[in-house]
Amino acid sequence: MKNDITKIRMDFPILSEKIYGKPLVYFDNAATTQKPRIVIDTINEYYSKYNANIHRGVHFLSNFTTTATENARETIRKFINAGSHDEIIFTRGTTEAINLVAFSFGEAFISEGDEIIVSEMEHHSNIVPWQMLCERKKAVLKVIPFDDNGNLETEKLNNLISDRTKLISVTQVSNALGTINPVEDIIKTAHLKNIPVLIDGAQAAQHIKVDVQKLNCDFYVFSGHKIYGPTGIGVLYGKKELLNQMPPYQGGGEMISKVTFAKTTFNELPFKFEAGTPNYIDTIALAKAIEYIENTGLDKIEKYESELLEYATTKIKTLDWIKITGEAKHKSSVLSFVMDGIHPSDAGVLLDQMGIAIRTGTHCAEPVMQHFGITGTARASFAFYNTFEEVDKLIEGLKRVKQMFG
Ligand code: PLP
């Protein structure tokens, strides 16, 4: 893969841009990834040539775009190996997908005194919707802790599970620590007690091959914009038998079967959960992003990104004034760190002047920061279009930051 990087980078127009006259070094991939030309061109092409509202037209353009949207659903079904296209629901992103489940699953299955388990390393998107549900239903939120290296203490899960546990919702990869969690084990443990599991794949699907049938998760969610696709589109996978028992999340067009003032009946899956005009053009472009990474090869991507992470980790460890936050046994492309006497955002601003984009702050994971008693970290997050030379630039940049701060 190393030999293909120059060619791969040419597929991403933004990577040739200069920031303050310096070549862009983009290490903020956990926040959002850059888009290959095929994604940008697809959006342009559909708005230029094929735009029409889907699912309800009799004319050529509507039918054309409807077919492209449903083909995109099929591409995504295959990508995560879901059993049926009815199990693929389009949302605005991971956040909306989790809110959908928290509301609809909550309405169907959660009563006063029931319990939901999340982990201490969740993104706010996988905490707050459950807190809101617990508040609404007088249910209880329990938390699986992680150790100081960032490994989830899954051995504590059995003690947290009770006969009131109704759902477990955990991230596959932590956006703040990079930890890859043993979600297969969590799912097996939960299923022994018939507890469904939601996996937040926002930081996983772009790095690790996902097979929802093999994982046997009950729900799987991810965002298009983090997997080289457009913003405003995401995916909820849910097992049919659960989705069929859950009420709609929003009411409106397309999610109905028949409407009268006396009674409304709802459409079948997946449309029951897709009220209103869907974001069809970004759906079609998301499928192009997925085809792009499949053609590149997720196994190659995973291998290359772990080499990049290992290289960056080894290099950063030579700087004795930097401490890595999160050194779990299994990690994906995230390198979070704190610096002696230098605030992460000061370092971020100075690196930006050098053309190097990293993220600083809490990464929407405040409980992770509370665990370590810190206010934030600096985070470099990698994608397969990043290079070893860019990592060297980051290290040199950090050395300059240190000099500026004396
Ligand atoms: N979950 C995780 C682990 C994330 O990293 C993020 C975003 O950073 C989200 C959920 C929320 O994703 P989105 O903002 O695309 O809905």
# chains A, B, ... in the order shown; residues from 1 in each chain; ligands from 1
>>> residues_near_ligand(ligand="ligand 1", cutoff="7 Å", atoms="only C-alpha atoms and all ligand atoms", output="PyMOL selection string")
chain A and resi 30-31+93-96+122-123+125-126+171+173-175+200-203+223+225-226
>>> write_last_selection(atoms="N, CA and C atoms", output="CSV table (one decimal), in the first residue's frame")
chain,number,residue,atom,x,y,z
A,30,ALA,N,-10.5,11.5,12.6
A,30,ALA,CA,-11.5,10.9,13.5
A,30,ALA,C,-12.7,11.9,13.5
A,31,ALA,N,-12.5,13.2,13.3
A,31,ALA,CA,-13.6,14.2,13.3
A,31,ALA,C,-14.3,14.1,12.0
A,93,GLY,N,-26.7,10.4,10.5
A,93,GLY,CA,-25.4,10.0,11.0
A,93,GLY,C,-25.5,9.1,12.2
A,94,THR,N,-24.4,8.9,12.9
A,94,THR,CA,-24.3,8.0,14.0
A,94,THR,C,-25.2,8.6,15.1
A,95,THR,N,-25.1,9.9,15.4
A,95,THR,CA,-25.9,10.5,16.4
A,95,THR,C,-27.4,10.3,16.2
A,96,GLU,N,-27.9,10.5,15.0
A,96,GLU,CA,-29.3,10.3,14.8
A,96,GLU,C,-29.7,8.9,14.9
A,122,GLU,N,-17.4,6.3,26.0
A,122,GLU,CA,-18.3,6.6,24.9
A,122,GLU,C,-18.2,8.1,24.5
A,123,HIS,N,-18.5,8.3,23.3
A,123,HIS,CA,-18.7,9.7,22.7
A,123,HIS,C,-20.0,10.1,23.3
A,125,SER,N,-22.5,11.2,22.0
A,125,SER,CA,-23.7,10.7,21.2
A,125,SER,C,-24.2,9.3,21.7
A,126,ASN,N,-23.3,8.6,22.4
A,126,ASN,CA,-23.7,7.3,22.9
A,126,ASN,C,-23.9,7.3,24.5
A,171,THR,N,-19.0,1.4,22.2
A,171,THR,CA,-18.3,1.8,21.0
A,171,THR,C,-17.3,0.7,20.6
A,173,VAL,N,-14.7,1.3,18.6
A,173,VAL,CA,-13.4,2.0,18.7
A,173,VAL,C,-13.6,3.4,19.4
A,174,SER,N,-12.8,3.7,20.4
A,174,SER,CA,-12.9,5.0,21.1
A,174,SER,C,-12.3,6.1,20.3
A,175,ASN,N,-13.1,7.2,20.1
A,175,ASN,CA,-12.5,8.3,19.3
A,175,ASN,C,-11.5,9.1,20.1
A,200,ASP,N,-21.5,1.1,18.4
A,200,ASP,CA,-21.3,2.4,17.8
A,200,ASP,C,-20.0,2.2,16.9
A,201,GLY,N,-20.2,2.2,15.6
A,201,GLY,CA,-19.1,1.9,14.7
A,201,GLY,C,-18.6,3.2,14.0
A,202,ALA,N,-18.9,4.4,14.6
A,202,ALA,CA,-18.5,5.6,14.0
A,202,ALA,C,-17.0,5.7,13.8
A,203,GLN,N,-16.2,5.1,14.6
A,203,GLN,CA,-14.7,5.1,14.4
A,203,GLN,C,-14.2,3.7,14.0
A,223,SER,N,-21.3,6.7,10.6
A,223,SER,CA,-21.6,8.0,9.9
A,223,SER,C,-20.9,8.0,8.5
A,225,HIS,N,-19.8,10.6,6.8
A,225,HIS,CA,-18.6,11.5,6.7
A,225,HIS,C,-17.3,11.0,7.3
A,226,LYS,N,-17.4,10.0,8.1
A,226,LYS,CA,-16.2,9.5,8.7
A,226,LYS,C,-15.6,8.3,7.9
>>> residues_around(residues="Asn53 of chain A", least_positions_apart="6", cutoff="9 Å", atoms="only C-alpha atoms", output="list in words")
Leu61, Ser62, Thr65, Thr66, Thr277, Pro278 and Tyr280 of chain A
>>> closest_residue(among="A:Leu152, A:Ile195, A:Val210, A:Leu286", to="Phe90 of chain A", atoms="only C-alpha atoms")
A:Leu286
>>> select_by_dssp(residues="segment 182-288 of chain A", states="strand (DSSP E)", output="list in words")
Val197, Leu198, Ile199, Asp200, Phe219, Tyr220, Val221, Phe222, Ser223, Gly234, Val235, Leu236, Tyr237, Gly238, Ile256, Ser257, Lys258, Val259, Thr264, Thr265 and Phe266 of chain A
>>> closest_residue(among="A:Asp11, A:Glu268, A:Glu184, A:Glu294", to="Ile227 of chain A", atoms="only C-alpha atoms")
A:Glu294
